[in-house]
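*Asks:* To start, I am sharing the structure in question, which I have written as structure tokens.
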Amino acid sequence: MNARISEARASFQTALEKAQTDADLDQVRVQFLSRSGAIANLFEEMRSLPVAEKPALGKLLNVLKFEAQAAFDEKKRTLDASTVRGSDTVDLTLPGRPRPVGTKHPLMQTIDDIKRIFVSMGFSVATGPEIETDYYNFGALNFPADHPARDMQDTFFISKDILLRTHTSPVQIRTMEKQNPPVREIMPGRVYRNEAISARSLVSFYQIEGLYVDQGVTFSDLKGTLVAFARQFYGNDVRFKFRPTFFPFTEPSADMYISCFLCKGKGCRMCKQAGWLEILGSGMVHPHVLKNVGYDTEKYTGFAFGMGIERTASLRYGVDDLRLYYENDVRFLKQF
Ligand code: DAH
């Protein structure tokens with residue numbers, strides 16, 4: 001038995017020395033250290049020997065088992081370390097791998113630019129929830145119940161009274177409920193409409209809303225502010241016009257147009273031969289709206305405006321399909 005133990009030790013050592021890979025090492029483990037391996041077999045054999053021989057042999061076997069395991073562990077450590085080092089070999093003469101740098105999304109760039117211009121004129125920025133009540137989205141904004149004006153915007157209803165906001169105008173109400181005049185806020189955010197998706201319409205898009213309420217605010221303030229904005233955003237040489245329109249929450253209401261900066265008003269594909277581009281809706285805040293938030297309509301007047309960000313960005317960058325903003329194609333996004 002003594003000889004068999006020495007033999008096992010010798011062949012274990014040889015096998016361990018030869019092992020070069022994880023697979024080799026695993027074979028050594030199975031052959032010698034596993035439950036059916038050579039060392040376990042020797043323990044098994046010892047059980048049938050006379051009791052007198054057992055203590056000495058048991059000791060020898062335990063030493064073998066312990067040393068073999070330690071040698072095995074040590075070998076495994078050096079093998080692991082050398083494979084890590086192996087893959088770590090760096091050829092410093094190779095050029096590095098460039099990491100792509102992301103860019104800000106064109107819609108966010110547009111929002112930031114619009115914000116910057118209005119903030120420089122003394123506006124601050126407010127936001128509101130995308131899930132709204134009928135009251136904030138319609139009622140408080142002077143859309144009477146069952147009034148056809150509600151059909152101007154196809155609404156996603158969550159329940160009878162809860163909906164996805166169709167515009168950022170409800171943030172006007174929330175802002176005015178929280179503070180007294182003067183109010184000078186711009187309110188960017190996402191809005192939702194139940195429309196067929198096409199190059200010209202989306203179910204979800206961004207708007208930016210503006211509101212200025214104080215004593216003595218007039219239509220001239222509206223025009224002066226919006227023209228100052230348009231010149232900074234679209235360029236000093238654009239011409240502009242306001243055309244009467246209807247919104248329930250403003251009276252009077254006006255759409256603002258700028259001369260087409262592509263054809264300078266001559267008529268082209270961009271302006272659909274009109275020479276003019278509609279850039280926003282606006283108007284003097286309807287007294288009903290001011291009343292709904294508890295403002296004194298004898299004392300305060302205000303103007304409001306709203307514009308679509310996708311449309312604004314498209315005018316600016318010449319993008320002719322709104323869906324491109326949401327496809328996350330880096331070939332598109334990289335251009336801005
Ligand atoms: N809420 C309008 C829309 O989504 C846009 C708008 C028009 C906002 C006139 C205003 C405004 O604040 O005064 O079509």
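Chain labels run A, B, ... following the order of the structure tokens; each chain numbers its residues from 1, and ligands are numbered from 1 in the order shown.
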Could you give me, as a VMD selection string, every polymer residue with an atom at most 9 Å away from an atom of ligand 1, counting only C-alpha atoms and all ligand atoms?

*Replies:* chain A and resid 152 to 153 166 to 170 172 191 207 to 211 246 to 251 253 to 255 280 to 285 303 to 308

*Asks:* Please identify the alpha helix (DSSP H) residues within range 86-327 of chain A (assignment by DSSP from backbone atoms) and present them as JSON, numbers by chain.

*Replies:* {"A": [86, 87, 106, 107, 108, 109, 110, 111, 112, 113, 114, 115, 116, 117, 118, 119, 120, 134, 135, 136, 137, 170, 171, 172, 173, 174, 175, 176, 177, 178, 219, 220, 221, 222, 223, 224, 225, 226, 227, 228, 229, 230, 231, 232, 233, 234, 287, 288, 289, 290, 291, 292, 309, 310, 311, 312, 313, 314, 315, 316, 317]}

*Asks:* Determine, counting only C-alpha atoms, which protein, DNA and RNA residues have an atom within 12 Å of an atom of Asn137 in chain A; residues of the same chain fewer than 2 positions away are not included. Present the result as number ranges by chain.

*Replies:* A: 128-135, 139-145, 150, 153, 155-157, 161-174, 191-192, 248-249, 289

*Asks:* Limited to N, CA and C atoms, could you put the picked residues into a file as a compact mmCIF listing (two decimals), in the first residue's frame?

*Replies:*
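Dumped to out01.txt:
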# COMPACT_ATOMS: atom_id res chain seq x y z
N GLY A 128 -45.62 70.42 -16.72
CA GLY A 128 -46.82 69.86 -16.10
C GLY A 128 -46.98 68.41 -16.52
N PRO A 129 -47.98 67.73 -15.96
CA PRO A 129 -48.15 66.29 -16.23
C PRO A 129 -48.66 66.01 -17.65
N GLU A 130 -48.26 64.84 -18.17
CA GLU A 130 -48.73 64.44 -19.50
C GLU A 130 -50.10 63.77 -19.42
N ILE A 131 -50.40 63.19 -18.25
CA ILE A 131 -51.75 62.66 -18.03
C ILE A 131 -52.54 63.75 -17.33
N GLU A 132 -53.62 64.18 -17.95
CA GLU A 132 -54.34 65.34 -17.47
C GLU A 132 -55.81 65.01 -17.22
N THR A 133 -56.46 65.93 -16.56
CA THR A 133 -57.91 65.79 -16.44
C THR A 133 -58.57 66.60 -17.55
N ASP A 134 -59.79 66.26 -17.82
CA ASP A 134 -60.58 66.99 -18.81
C ASP A 134 -60.60 68.48 -18.46
N TYR A 135 -60.66 68.76 -17.17
CA TYR A 135 -60.75 70.15 -16.73
C TYR A 135 -59.54 70.97 -17.19
N GLY A 139 -61.71 72.13 -20.06
CA GLY A 139 -62.68 72.97 -19.34
C GLY A 139 -62.13 74.33 -18.92
N ALA A 140 -61.00 74.28 -18.21
CA ALA A 140 -60.44 75.53 -17.70
C ALA A 140 -59.94 76.43 -18.83
N LEU A 141 -59.70 75.83 -20.00
CA LEU A 141 -59.22 76.60 -21.15
C LEU A 141 -60.37 77.08 -22.03
N ASN A 142 -61.59 77.05 -21.43
CA ASN A 142 -62.73 77.63 -22.09
C ASN A 142 -63.24 76.82 -23.29
N PHE A 143 -62.97 75.50 -23.26
CA PHE A 143 -63.64 74.61 -24.22
C PHE A 143 -64.92 74.17 -23.53
N PRO A 144 -66.10 74.68 -23.91
CA PRO A 144 -67.31 74.23 -23.23
C PRO A 144 -67.55 72.75 -23.48
N ALA A 145 -68.22 72.07 -22.54
CA ALA A 145 -68.55 70.65 -22.72
C ALA A 145 -69.32 70.51 -24.02
N ARG A 150 -63.57 70.96 -29.23
CA ARG A 150 -62.82 69.81 -28.69
C ARG A 150 -62.37 68.87 -29.79
N GLN A 153 -58.79 68.66 -31.68
CA GLN A 153 -57.70 67.79 -31.23
C GLN A 153 -58.27 66.42 -30.88
N THR A 155 -58.48 63.20 -29.13
CA THR A 155 -57.94 62.94 -27.81
C THR A 155 -57.86 61.45 -27.48
N PHE A 156 -56.78 61.05 -26.83
CA PHE A 156 -56.70 59.72 -26.23
C PHE A 156 -57.28 59.82 -24.82
N PHE A 157 -58.44 59.23 -24.61
CA PHE A 157 -59.03 59.24 -23.27
C PHE A 157 -58.60 58.00 -22.50
N ASP A 161 -62.87 61.24 -17.61
CA ASP A 161 -62.31 62.53 -17.19
C ASP A 161 -60.79 62.61 -17.28
N ILE A 162 -60.15 61.50 -17.54
CA ILE A 162 -58.68 61.49 -17.57
C ILE A 162 -58.22 61.23 -19.00
N LEU A 163 -57.20 61.95 -19.41
CA LEU A 163 -56.77 61.83 -20.81
C LEU A 163 -55.28 62.15 -20.93
N LEU A 164 -54.72 61.84 -22.10
CA LEU A 164 -53.36 62.27 -22.40
C LEU A 164 -53.47 63.69 -22.95
N ARG A 165 -52.73 64.61 -22.38
CA ARG A 165 -52.92 66.00 -22.80
C ARG A 165 -52.69 66.14 -24.30
N THR A 166 -53.54 66.94 -24.93
CA THR A 166 -53.45 67.12 -26.38
C THR A 166 -52.61 68.35 -26.72
N HIS A 167 -52.31 69.15 -25.71
CA HIS A 167 -51.47 70.33 -25.92
C HIS A 167 -50.83 70.72 -24.58
N THR A 168 -49.87 71.66 -24.63
CA THR A 168 -49.22 72.08 -23.38
C THR A 168 -50.01 73.21 -22.69
N SER A 169 -51.12 73.64 -23.30
CA SER A 169 -51.89 74.74 -22.70
C SER A 169 -52.37 74.48 -21.27
N PRO A 170 -52.69 73.22 -20.87
CA PRO A 170 -53.09 73.02 -19.47
C PRO A 170 -52.03 73.48 -18.46
N VAL A 171 -50.77 73.51 -18.88
CA VAL A 171 -49.73 73.97 -17.95
C VAL A 171 -49.92 75.47 -17.63
N GLN A 172 -50.53 76.20 -18.57
CA GLN A 172 -50.89 77.60 -18.28
C GLN A 172 -51.74 77.68 -17.03
N ILE A 173 -52.78 76.82 -17.00
CA ILE A 173 -53.72 76.83 -15.87
C ILE A 173 -53.00 76.47 -14.58
N ARG A 174 -52.21 75.38 -14.65
CA ARG A 174 -51.51 74.93 -13.44
C ARG A 174 -50.54 76.00 -12.94
N VAL A 191 -46.95 66.02 -25.98
CA VAL A 191 -48.40 65.98 -26.09
C VAL A 191 -48.82 64.81 -26.98
N TYR A 192 -50.10 64.46 -26.93
CA TYR A 192 -50.57 63.24 -27.60
C TYR A 192 -51.85 63.49 -28.38
N PRO A 248 -60.22 78.58 -28.36
CA PRO A 248 -61.20 78.89 -27.31
C PRO A 248 -60.59 79.70 -26.17
N PHE A 249 -59.27 79.51 -25.95
CA PHE A 249 -58.64 80.10 -24.76
C PHE A 249 -58.00 81.45 -25.02
N VAL A 289 -60.58 82.33 -19.06
CA VAL A 289 -59.44 81.53 -18.57
C VAL A 289 -58.85 82.19 -17.32

*Asks:* Compile the contact shell of Val330 in chain A as a count of residues only: residues with an atom at most 10 Å away, counting only C-alpha atoms, same-chain residues fewer than 3 positions apart removed.

*Replies:* 6

*Asks:* Which residues, written as a VMD selection string, have at least one atom at most 8 Å from range 259-274 of chain A, with only C-alpha atoms counted and residues fewer than 2 positions away on the same chain left out?

*Replies:* chain A and resid 234 238 to 240 257 276 to 277 315 318

*Asks:* From the set A:Pro106, A:Pro55, A:Gly216, A:Gly224, which residue has the shortest atom-to-atom contact distance to Lys299 in chain A, counting only C-alpha atoms?

*Replies:* A:Gly216

*Asks:* Contacts of range 122-126 of chain A at 9 Å or less, counting only C-alpha atoms, minus same-chain residues fewer than 5 places along, as a JSON list (two decimals) with N, CA and C atoms, in the first residue's frame?

*Replies:*
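The file below, part28.json, is the result:
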[["chain", "number", "residue", "atom", "x", "y", "z"],
["A", 115, "LYS", "N", -35.92, 77.90, -25.54],
["A", 115, "LYS", "CA", -35.88, 78.26, -24.12],
["A", 115, "LYS", "C", -34.90, 79.39, -23.89],
["A", 117, "ILE", "N", -33.81, 81.74, -25.77],
["A", 117, "ILE", "CA", -34.26, 83.05, -26.26],
["A", 117, "ILE", "C", -35.29, 83.65, -25.30],
["A", 171, "VAL", "N", -50.77, 73.51, -18.88],
["A", 171, "VAL", "CA", -49.73, 73.97, -17.95],
["A", 171, "VAL", "C", -49.92, 75.47, -17.63],
["A", 175, "THR", "N", -49.89, 76.70, -13.86],
["A", 175, "THR", "CA", -48.95, 77.74, -13.47],
["A", 175, "THR", "C", -49.68, 78.91, -12.80],
["A", 183, "VAL", "N", -46.90, 86.74, -14.41],
["A", 183, "VAL", "CA", -46.54, 85.38, -14.80],
["A", 183, "VAL", "C", -45.84, 85.46, -16.16],
["A", 184, "ARG", "N", -44.65, 84.93, -16.21],
["A", 184, "ARG", "CA", -43.91, 84.94, -17.49],
["A", 184, "ARG", "C", -43.23, 83.59, -17.62],
["A", 185, "GLU", "N", -43.93, 82.66, -18.29],
["A", 185, "GLU", "CA", -43.43, 81.28, -18.30],
["A", 185, "GLU", "C", -43.40, 80.72, -19.71],
["A", 186, "ILE", "N", -42.44, 79.84, -19.96],
["A", 186, "ILE", "CA", -42.55, 78.98, -21.14],
["A", 186, "ILE", "C", -42.59, 77.54, -20.65],
["A", 187, "MET", "N", -43.35, 76.73, -21.38],
["A", 187, "MET", "CA", -43.69, 75.40, -20.87],
["A", 187, "MET", "C", -43.53, 74.36, -21.98],
["A", 188, "PRO", "N", -42.36, 73.72, -22.03],
["A", 188, "PRO", "CA", -42.15, 72.70, -23.06],
["A", 188, "PRO", "C", -42.68, 71.35, -22.59],
["A", 210, "GLY", "N", -46.20, 79.38, -24.25],
["A", 210, "GLY", "CA", -45.72, 80.60, -23.59],
["A", 210, "GLY", "C", -46.88, 81.36, -22.99],
["A", 211, "LEU", "N", -46.62, 82.04, -21.87],
["A", 211, "LEU", "CA", -47.69, 82.79, -21.21],
["A", 211, "LEU", "C", -47.11, 84.01, -20.51],
["A", 212, "TYR", "N", -47.75, 85.15, -20.75],
["A", 212, "TYR", "CA", -47.33, 86.37, -20.05],
["A", 212, "TYR", "C", -48.57, 87.09, -19.57]]

*Asks:* Name the residues of range 39-220 of chain A that come out as strand (DSSP E) in a backbone DSSP run; write them as a compact mmCIF listing (two decimals) with C-alpha atoms, in the first residue's frame.

*Replies:*
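Writing done, so here's part-v2.txt:
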# COMPACT_ATOMS: atom_id res chain seq x y z
CA SER A 124 -38.89 81.08 -16.70
CA VAL A 125 -39.52 77.44 -17.50
CA ILE A 131 -51.75 62.66 -18.03
CA GLU A 132 -54.34 65.34 -17.47
CA THR A 133 -57.91 65.79 -16.44
CA ILE A 162 -58.68 61.49 -17.57
CA LEU A 163 -56.77 61.83 -20.81
CA LEU A 164 -53.36 62.27 -22.40
CA VAL A 183 -46.54 85.38 -14.80
CA ARG A 184 -43.91 84.94 -17.49
CA GLU A 185 -43.43 81.28 -18.30
CA ILE A 186 -42.55 78.98 -21.14
CA MET A 187 -43.69 75.40 -20.87
CA PRO A 188 -42.15 72.70 -23.06
CA GLY A 189 -43.43 69.13 -23.09
CA ARG A 190 -44.83 66.11 -24.82
CA VAL A 191 -48.40 65.98 -26.09
CA TYR A 192 -50.57 63.24 -27.60
CA SER A 204 -46.97 62.00 -29.82
CA PHE A 205 -44.97 65.16 -30.32
CA TYR A 206 -43.55 68.15 -28.47
CA GLN A 207 -44.92 71.63 -27.99
CA ILE A 208 -43.69 74.70 -26.24
CA GLU A 209 -46.21 77.00 -24.65
CA GLY A 210 -45.72 80.60 -23.59
CA LEU A 211 -47.69 82.79 -21.21
CA TYR A 212 -47.33 86.37 -20.05
CA VAL A 213 -49.92 87.85 -17.69
CA ASP A 214 -49.57 91.18 -15.92
CA GLN A 215 -51.21 94.59 -15.66

*Asks:* Write out as a PyMOL selection string the residues lying within 9 Å of Leu64 in chain A, counting only C-alpha atoms and excluding same-chain residues fewer than 2 positions away.

*Replies:* chain A and resi 5-6+8-9+39+59-62+66-69

*Asks:* Taking only C-alpha atoms into account, name the residue in A:Asn236, A:Ser314, A:Asn292, A:Thr110 that is nearest to Arg200 in chain A.

*Replies:*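 Among the listed residues, A:Ser314 lies closest to Arg200 in chain A.
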